[in-house]
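Report on one structure; see the data block that follows.
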There are 2 protein chains.
Amino acid sequence: MNKKLVLSGFGNVGREFVKLIYEKKEDIEKEYGINLILCGVIGREGCIFEDKGLDLSLLLKCDKGSKGILQYGKINNDSFYDYPVFEGDILIECSNSDIYNGGAALNYIFNFIKRGIDVVAVSKGALVTNFTNIVQLAKENNVRLKYSGATAAALPTIDIGYYSLAGAKIKSIIGILNGTTNYILTKMEKENVSIDEALEEAIKKGITERENSMDIDGIDSACKLLLLANSFMKIEYKLDQISIEGIRNIGIGDINKAKGENKVIKLLSKAYFNDNEVVLKVLPEAVDRDHPMASIKGTNKGVIFNTDTMGEICVFGGESNPRGAAAAAIKDVINICRE
Amino acid sequence: MNKKLVLSGFGNVGREFVKLIYEKKEDIEKEYGINLILCGVIGREGCIFEDKGLDLSLLLKCDKGSKGILQYGKINNDSFYDYPVFEGDILIECSNSDIYNGGAALNYIFNFIKRGIDVVAVSKGALVTNFTNIVQLAKENNVRLKYSGATAAALPTIDIGYYSLAGAKIKSIIGILNGTTNYILTKMEKENVSIDEALEEAIKKGITERENSMDIDGIDSACKLLLLANSFMKIEYKLDQISIEGIRNIGIGDINKAKGENKVIKLLSKAYFNDNEVVLKVLPEAVDRDHPMASIKGTNKGVIFNTDTMGEICVFGGESNPRGAAAAAIKDVINICRE
C-alpha cells in the first residue's frame, strides 16, 4: 500500500526522519507492505511538494531548516506550494515546539486533521496547549493521531499505555521524563561537581533544549507528564495545573546527603490519585538506591505505570536524540497503517 | 461492537480471565466500545456454549477445570456441545501447555484458525512446537493471532517488539523470562540459603511450574525466548536449537563469588547475531551490579531489546500470576478488536 507523507519542520528531527525513510524504505516495504512516499515538506519560509515523491537523496544534500527547503525548491523550481493544498495520508509534525501558544504546529495539525489526514506529532507544543481540542477534532474527523515522539521519543510510553495496558486501570505514572536533567544529576553524583559545571557539560554535548530552563526547571518533564496523564488517566489538565519544581536549587550538598542515606536524587514526574482527584507533580526527590528509578542513569529516561491488574510495569532506555525521535515517528506511521 | 469469545481451558488462568471479564465488562464497553460476550468454554471432558453469552456469575461459582465446566453444564443441561461447532470471534487459548507435542491447544488453535476465528494464545505449548505452522495458517486464513500471555504474561514483550519497535531492527534480546528462578536466585543471594531451600520456598508460594524442572532447568525461559526470537528476528527455530543451561548447579559458593566481584547471578535468555546467524541461549551469568538486569529482583521478569535506531529499551515488572496472564489476554483481545 502506498502512503503519502507530508513533513512539517525540517530541523534536526525532521531531517533525521527523511534520512530514516531514505535508509529504510525498502525494508519497510518488504516487512510491512507499506510504501512510504514523502511528498511534501512544510517550512516557515516555503514548502516543497511533488505528488510522485520528493527526491530524498537531493533533499538530504540540502541544509536543514527552511534554508534547505528553499535550496531544494530552487533546484526543482516548480515545487513551491502553499501547504493547505497538500494532499497526503499522514502528516508528520516536527516543527519547533511552542509550549505556550502551540505555534505553527497547531495550524498544521488542525488544518490536516480537518482534511481527514492522519497525524503523527513529534513536537510537543500543539498537544501541550490544545490536547483536548486536538483529540476531539481527530475523533470528529475520524483521523488517527499518534504522538510517541512528543512523549519521550524512542522510549515507549504512549504505546505501553495504549497497547500493553489496554483494559487495565492506570493508577499512577512515575517517570524520569527528561534525559538532560538526569544526565546532570548523574554527573553531579558520580563526579561530585556543581550543577553549573554539569549543566555546562550538558550544553557542550548539545543535549539541552534551546532554552535550558525547559530542562532545568522541569518544564519539559511537565509537558510530557501532561500528555501521558491526559492520555491515560481520563483528565483534561493544562500545564498550569501541574506543580513544577526543577533541579535549579539542587546543590552538591543535597546530592551527598542523599548518598549518605543510600539514596539518589532524581527529577521525578508523578501522576497519581489523591482521593478521586488526579495530582500531577514534577519535583526532585531522593529515592532509595534499589528503587527502579535509581537505576536509570545518564541521559536515559524511564517510566513506571502502576496498574490494577498487571502490577507495575517499568520501561526505560531509548535513544534520546533526533534519530530516536525520528524512529519513534516511523513507528507511529507503521502502527497507523496497520490499524 | 459485540465480540463473542470462546475460552479453551478453565484452569487458574482461564478462570481468572472469566473473572476479569465479569469485573470489567462495563468499563471495557464504555472505554473501548467493545461488548465482550463469553459464549463458550472448552474443557477436556466437555464444553458449554450459549450464543447469548454464558452466565458468568454462575460459572464463577463452579469449580475450576473440567469439573467446573461439567457443573455448569448440569445446571443448564442443554449446553453441551462438541467444540468444533462453536461460533465466535476470538478464541482465548488457556489450556495446559504441552511444550513437547502441543497438546489439545494445538487442535483448538488449528481448528479455530481454519474457521476464520482470531486467536489469543495464553498457553505456550502449541506455539513452541508449531510456531511457523500456526503463523502461516493464520496468515492464509486472514486471522489475527496474539500471544502476550505466552511470553511473560503481564510484562509487555511481544507488544514492545510489534508496536513500539516497529520499523527498527532488533539486534539482540536479553531477558530474565522466568520469575521463579529469579525469585530463587534473589533469595539465595539475599538470605544466603541453598538452592534447595529457596526452591522449597518457591514451591510453598505456589509459583513453580507443575514440573519444576521447567523452571530450574531453564526450559520455560527457553520457550519464551523462542517465541520472542521467532517473532522478531526473522528465524524459524525449534526448541532443540537453543542451548539451555538452568540454575540447578548454582551453589551458594557461586552466588558469593559473584557478590565478591560486585556482580549478581541471573538466569539470562539471550538471542543475538553471531555473524549472520542468530544464536539462542539460556544460561546463568554473573552480571555487573549496575547492569539493568541486576535490578530485576524477586519474581519480576524483564527484557532488553537492542535496536538499530532506538537504542536499548528495557522493560520489567508485570504481575507473574494468573491474574496478570488473564489481563494480558484481555489486552490482546482489545488490540485485536481495534485493528
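Labeling convention for the C-alpha cells: chains A, B, ... as they appear, residues from 1 per chain, ligands from 1 in order of appearance.
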
With only C-alpha atoms counted and 7 Å as the cut-off, give the residues of chain B in contact with chain A, each with its shortest interatomic distance in Å and the pair that gives it, as a tab-separated table.
residue	atom	partner	partner_atom	distance
B:Ile28	CA	A:Gly167	CA	6.5
B:Ala154	CA	A:Met310	CA	5.3
B:Leu155	CA	A:Ile313	CA	6.8
B:Pro156	CA	A:Ser164	CA	5.9
B:Asp159	CA	A:Ser164	CA	6.2
B:Tyr163	CA	A:Asn335	CA	6.6
B:Ser164	CA	A:Pro156	CA	6.0
B:Leu165	CA	A:Lys331	CA	6.6
B:Ala166	CA	A:Lys331	CA	4.9
B:Gly167	CA	A:Lys331	CA	5.7
B:Thr309	CA	A:Gly324	CA	6.0
B:Met310	CA	A:Gly324	CA	4.9
B:Gly311	CA	A:Glu319	CA	4.9
B:Glu312	CA	A:Gly318	CA	5.4
B:Ile313	CA	A:Gly317	CA	4.8
B:Cys314	CA	A:Phe316	CA	5.3
B:Val315	CA	A:Val315	CA	4.1
B:Phe316	CA	A:Cys314	CA	5.3
B:Gly317	CA	A:Ile313	CA	4.8
B:Gly318	CA	A:Gly311	CA	5.0
B:Glu319	CA	A:Gly311	CA	4.9
B:Arg323	CA	A:Thr309	CA	6.6
B:Gly324	CA	A:Met310	CA	4.9
B:Ala327	CA	A:Thr309	CA	6.1
B:Ile330	CA	A:Gly167	CA	6.5
B:Lys331	CA	A:Ala166	CA	4.9
B:Ile334	CA	A:Ala166	CA	6.7
B:Asn335	CA	A:Tyr163	CA	6.6
B:Glu339	CA	A:Glu339	CA	4.5

(message) From a backbone DSSP assignment, name each residue in stretch 83-328 of chain B labelled alpha helix (DSSP H), as a ChimeraX atom specification.
(response) /B:103-114,125-140,158-159,179-191,195-204,213-216,219-232,252-260,322-328

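Once B:Asp215 and its same-chain neighbours fewer than 5 positions away are set aside, Asn178, Thr180, Thr181, Thr208, Glu209 and Asp220 of chain B remain within 7 Å of it when counting only C-alpha atoms.
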
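Taking atom CA of B:Val279 and atom CA of A:Gly33 as endpoints, the distance between them is 27.7 Å.
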
(request) Would you kindly return, as a ChimeraX atom specification, each protein, DNA or RNA residue with an atom no farther than 10 Å from any atom of A:Asn133, considering only C-alpha atoms and excluding same-chain residues fewer than 5 positions away? (result) /A:110,126-127,138-139,236

(request) Tell me which protein, DNA and RNA residues are within 12 Å of A:Gly103, counting only C-alpha atoms, leaving out same-chain ones fewer than 3 positions away, and put them as a list of chain:residue names. (result)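 These residues fall inside the cut-off: A:Gly9, A:Arg44, A:Glu93, A:Cys94, A:Ser95, A:Asn96, A:Ser97, A:Asp98, A:Ile99, A:Tyr100, A:Leu106, A:Asn107, A:Tyr108, A:Ile109, A:Phe110, A:Ser123, A:Lys124, A:Gly125, A:Ala126, A:Leu127, A:Val128, A:Thr129, A:Asn130.
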
(message) Please extract the residues of stretch 273-313 of chain A with a backbone DSSP assignment of strand (DSSP E or B) and present them as a ChimeraX atom specification.
(response) /A:273-274,277-288,302-307,312-313

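The space between atom CA of B:Asp118 and atom CA of B:Tyr22 spans 21.2 Å.
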
(request) Write out as a PyMOL selection string which residues come within 7 Å of A:Ser269 when counting only C-alpha atoms, dropping same-chain ones fewer than 4 positions away. (result) chain A and resi 174-177+221-222+225+281-283

(request) For atom CA of A:Glu191 and atom CA of B:Ala286, quote the distance in Å rounded to one decimal. (result) 26.9 Å

(message) List as a PyMOL selection string the protein and nucleic acid residues near B:Lys263, meaning an atom at most 8 Å away when only C-alpha atoms are counted, but skip any in the same chain fewer than 2 places from it.
(response) chain B and resi 258-261+265+286-289

Take the residues from that selection and put them in a file with N, CA and C atoms, as a PDB file, in the first residue's frame.
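part-v3.pdb written:
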ATOM      1  N   ALA B 258      30.265 -14.240  42.994  1.00  0.00           N
ATOM      2  CA  ALA B 258      29.775 -13.128  42.165  1.00  0.00           C
ATOM      3  C   ALA B 258      29.642 -11.863  43.018  1.00  0.00           C
ATOM      4  N   LYS B 259      29.083 -12.042  44.201  1.00  0.00           N
ATOM      5  CA  LYS B 259      28.902 -10.912  45.121  1.00  0.00           C
ATOM      6  C   LYS B 259      30.236 -10.222  45.392  1.00  0.00           C
ATOM      7  N   GLY B 260      31.272 -11.026  45.612  1.00  0.00           N
ATOM      8  CA  GLY B 260      32.614 -10.500  45.878  1.00  0.00           C
ATOM      9  C   GLY B 260      33.138  -9.658  44.718  1.00  0.00           C
ATOM     10  N   GLU B 261      32.668  -9.991  43.502  1.00  0.00           N
ATOM     11  CA  GLU B 261      33.105  -9.233  42.314  1.00  0.00           C
ATOM     12  C   GLU B 261      32.110  -8.128  41.968  1.00  0.00           C
ATOM     13  N   ILE B 265      24.253 -13.172  40.053  1.00  0.00           N
ATOM     14  CA  ILE B 265      23.950 -14.223  39.065  1.00  0.00           C
ATOM     15  C   ILE B 265      22.488 -14.156  38.661  1.00  0.00           C
ATOM     16  N   ALA B 286      26.911 -14.152  35.657  1.00  0.00           N
ATOM     17  CA  ALA B 286      27.155 -13.102  36.656  1.00  0.00           C
ATOM     18  C   ALA B 286      27.169 -11.762  35.930  1.00  0.00           C
ATOM     19  N   VAL B 287      26.205 -10.892  36.251  1.00  0.00           N
ATOM     20  CA  VAL B 287      26.162  -9.579  35.588  1.00  0.00           C
ATOM     21  C   VAL B 287      26.551  -8.490  36.594  1.00  0.00           C
ATOM     22  N   ASP B 288      27.157  -7.430  36.074  1.00  0.00           N
ATOM     23  CA  ASP B 288      27.547  -6.312  36.931  1.00  0.00           C
ATOM     24  C   ASP B 288      26.333  -5.772  37.681  1.00  0.00           C
ATOM     25  N   ARG B 289      26.604  -5.293  38.876  1.00  0.00           N
ATOM     26  CA  ARG B 289      25.507  -4.860  39.728  1.00  0.00           C
ATOM     27  C   ARG B 289      24.766  -3.635  39.160  1.00  0.00           C
TER      28      ARG B 289
END

(message) Given only C-alpha atoms as the basis, pick out the residue of A:Gly65, A:Gly53, A:Gly251, A:Gly102 nearest to A:Ile37.
(response)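 The closest residue to A:Ile37 is A:Gly53.
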